[in-house]
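Written out below as C-alpha coordinates is the structure these notes cover.
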Amino acid sequence: MVVPTWRMFADGGAAAGGTWRLLFLTRHGEVDATETSLEPLPQSWRDRFVVDMIFHELASNEVGPNSLARRLLRSTEETYRSRERQSGADPILRSRFDIYLKR
(Lines give C-alpha, C1' and ligand atoms only; values in the text may rest on other atoms or scores of the structure.)
Protein backbone atom coordinates (compact mmCIF):
# COMPACT_ATOMS: atom_id res chain seq x y z
CA MET A 1 0.00 0.00 0.00
CA VAL A 2 1.24 3.48 -0.86
CA VAL A 3 0.90 6.03 1.93
CA PRO A 4 0.01 9.55 0.68
CA THR A 5 2.28 12.40 1.67
CA TRP A 6 1.54 16.09 2.03
CA ARG A 7 2.89 16.74 -1.50
CA MET A 8 -0.36 15.36 -2.85
CA PHE A 9 -2.22 18.42 -1.56
CA ALA A 10 0.55 21.03 -1.77
CA ASP A 11 -0.82 22.52 -5.00
CA GLY A 12 -4.42 21.36 -5.03
CA GLY A 13 -3.70 17.94 -6.51
CA ALA A 14 -1.89 19.11 -9.66
CA ALA A 15 1.57 17.77 -10.41
CA ALA A 16 4.07 19.44 -8.08
CA GLY A 17 7.62 20.41 -8.99
CA GLY A 18 8.06 18.90 -12.43
CA THR A 19 7.25 16.11 -14.78
CA TRP A 20 8.98 13.26 -16.58
CA ARG A 21 9.05 11.29 -19.82
CA LEU A 22 9.96 7.66 -20.37
CA LEU A 23 12.19 7.19 -23.42
CA PHE A 24 13.30 4.03 -25.21
CA LEU A 25 16.27 3.98 -27.56
CA THR A 26 15.64 1.60 -30.47
CA ARG A 27 17.46 0.89 -33.73
CA HIS A 28 15.20 3.46 -35.40
CA GLY A 29 15.80 6.21 -32.85
CA GLU A 30 14.24 7.42 -29.65
CA VAL A 31 10.65 6.47 -28.78
CA ASP A 32 8.65 8.46 -26.22
CA ALA A 33 6.84 5.74 -24.26
CA THR A 34 5.33 8.08 -21.67
CA GLU A 35 1.73 7.69 -22.88
CA THR A 36 2.14 3.90 -23.00
CA SER A 37 3.39 3.93 -19.42
CA LEU A 38 0.33 5.90 -18.24
CA GLU A 39 -2.30 3.73 -20.01
CA PRO A 40 -2.98 1.43 -17.01
CA LEU A 41 -3.52 4.36 -14.62
CA PRO A 42 -7.00 5.76 -14.00
CA GLN A 43 -7.61 9.26 -15.38
CA SER A 44 -8.27 10.96 -12.06
CA TRP A 45 -6.46 12.63 -9.16
CA ARG A 46 -4.88 9.25 -8.39
CA ASP A 47 -3.22 9.36 -11.80
CA ARG A 48 -1.65 12.76 -11.01
CA PHE A 49 -0.66 11.53 -7.55
CA VAL A 50 1.22 8.50 -8.94
CA VAL A 51 2.86 10.59 -11.68
CA ASP A 52 4.00 13.08 -9.01
CA MET A 53 5.32 10.30 -6.75
CA ILE A 54 7.36 8.92 -9.66
CA PHE A 55 8.73 12.41 -10.35
CA HIS A 56 9.88 12.74 -6.74
CA GLU A 57 11.50 9.27 -6.83
CA LEU A 58 13.41 10.25 -9.98
CA ALA A 59 14.39 13.69 -8.68
CA SER A 60 15.74 12.22 -5.43
CA ASN A 61 17.28 9.19 -7.22
CA GLU A 62 15.21 6.74 -5.15
CA VAL A 63 14.79 4.26 -8.00
CA GLY A 64 15.53 0.94 -6.33
CA PRO A 65 14.16 -2.40 -7.55
CA ASN A 66 10.78 -1.95 -5.80
CA SER A 67 10.28 1.74 -6.60
CA LEU A 68 7.23 2.87 -8.57
CA ALA A 69 9.53 4.22 -11.29
CA ARG A 70 11.32 0.89 -11.72
CA ARG A 71 8.05 -1.07 -11.75
CA LEU A 72 6.55 1.35 -14.28
CA LEU A 73 9.66 1.03 -16.46
CA ARG A 74 9.50 -2.79 -16.45
CA SER A 75 5.77 -2.84 -17.15
CA THR A 76 6.08 -0.36 -20.03
CA GLU A 77 9.00 -2.28 -21.55
CA GLU A 78 6.89 -5.47 -21.50
CA THR A 79 3.94 -3.69 -23.13
CA TYR A 80 6.18 -2.11 -25.78
CA ARG A 81 7.92 -5.41 -26.57
CA SER A 82 4.59 -7.21 -26.86
CA ARG A 83 3.24 -4.61 -29.31
CA GLU A 84 6.44 -4.53 -31.31
CA ARG A 85 6.50 -8.32 -31.71
CA GLN A 86 3.11 -8.07 -33.40
CA SER A 87 4.16 -5.25 -35.72
CA GLY A 88 7.77 -5.99 -36.65
CA ALA A 89 10.01 -6.13 -33.57
CA ASP A 90 12.04 -3.00 -32.97
CA PRO A 91 13.93 -3.99 -29.81
CA ILE A 92 14.65 -1.65 -26.92
CA LEU A 93 18.37 -0.99 -26.73
CA ARG A 94 18.21 1.29 -23.68
CA SER A 95 15.56 2.87 -21.44
CA ARG A 96 15.68 6.09 -19.46
CA PHE A 97 13.56 8.63 -17.68
CA ASP A 98 13.95 12.29 -18.60
CA ILE A 99 12.75 14.77 -15.94
CA TYR A 100 11.73 18.40 -16.33
CA LEU A 101 11.49 20.99 -13.58
CA LYS A 102 8.63 23.45 -13.85
CA ARG A 103 9.66 27.09 -13.78
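Residue numbers start at 1 in each chain; chains themselves are named A, B, ... in the order of the C-alpha coordinates; ligands are numbered from 1 in the order shown.
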| All residues 10 Å or closer to Leu58 (chain A), only C-alpha atoms, same chain fewer than 5 positions away omitted, as number ranges by chain | A: 19-20, 52-53, 63, 67-70, 97-99
| query | Which one is closest to Arg94 (chain A): A:Phe49, A:Pro40, A:Gly18, A:Glu30? Count only C-alpha atoms. | reply | A:Glu30
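You will find CA of Val50 (chain A) at 27.4 Å from CA of Pro91 (chain A).
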| said: I need the residue nearest Phe55 (chain A) from this list: A:Val31, A:Leu72, A:Leu93, A:Leu25. Use only C-alpha atoms for the distance. | reply: A:Leu72
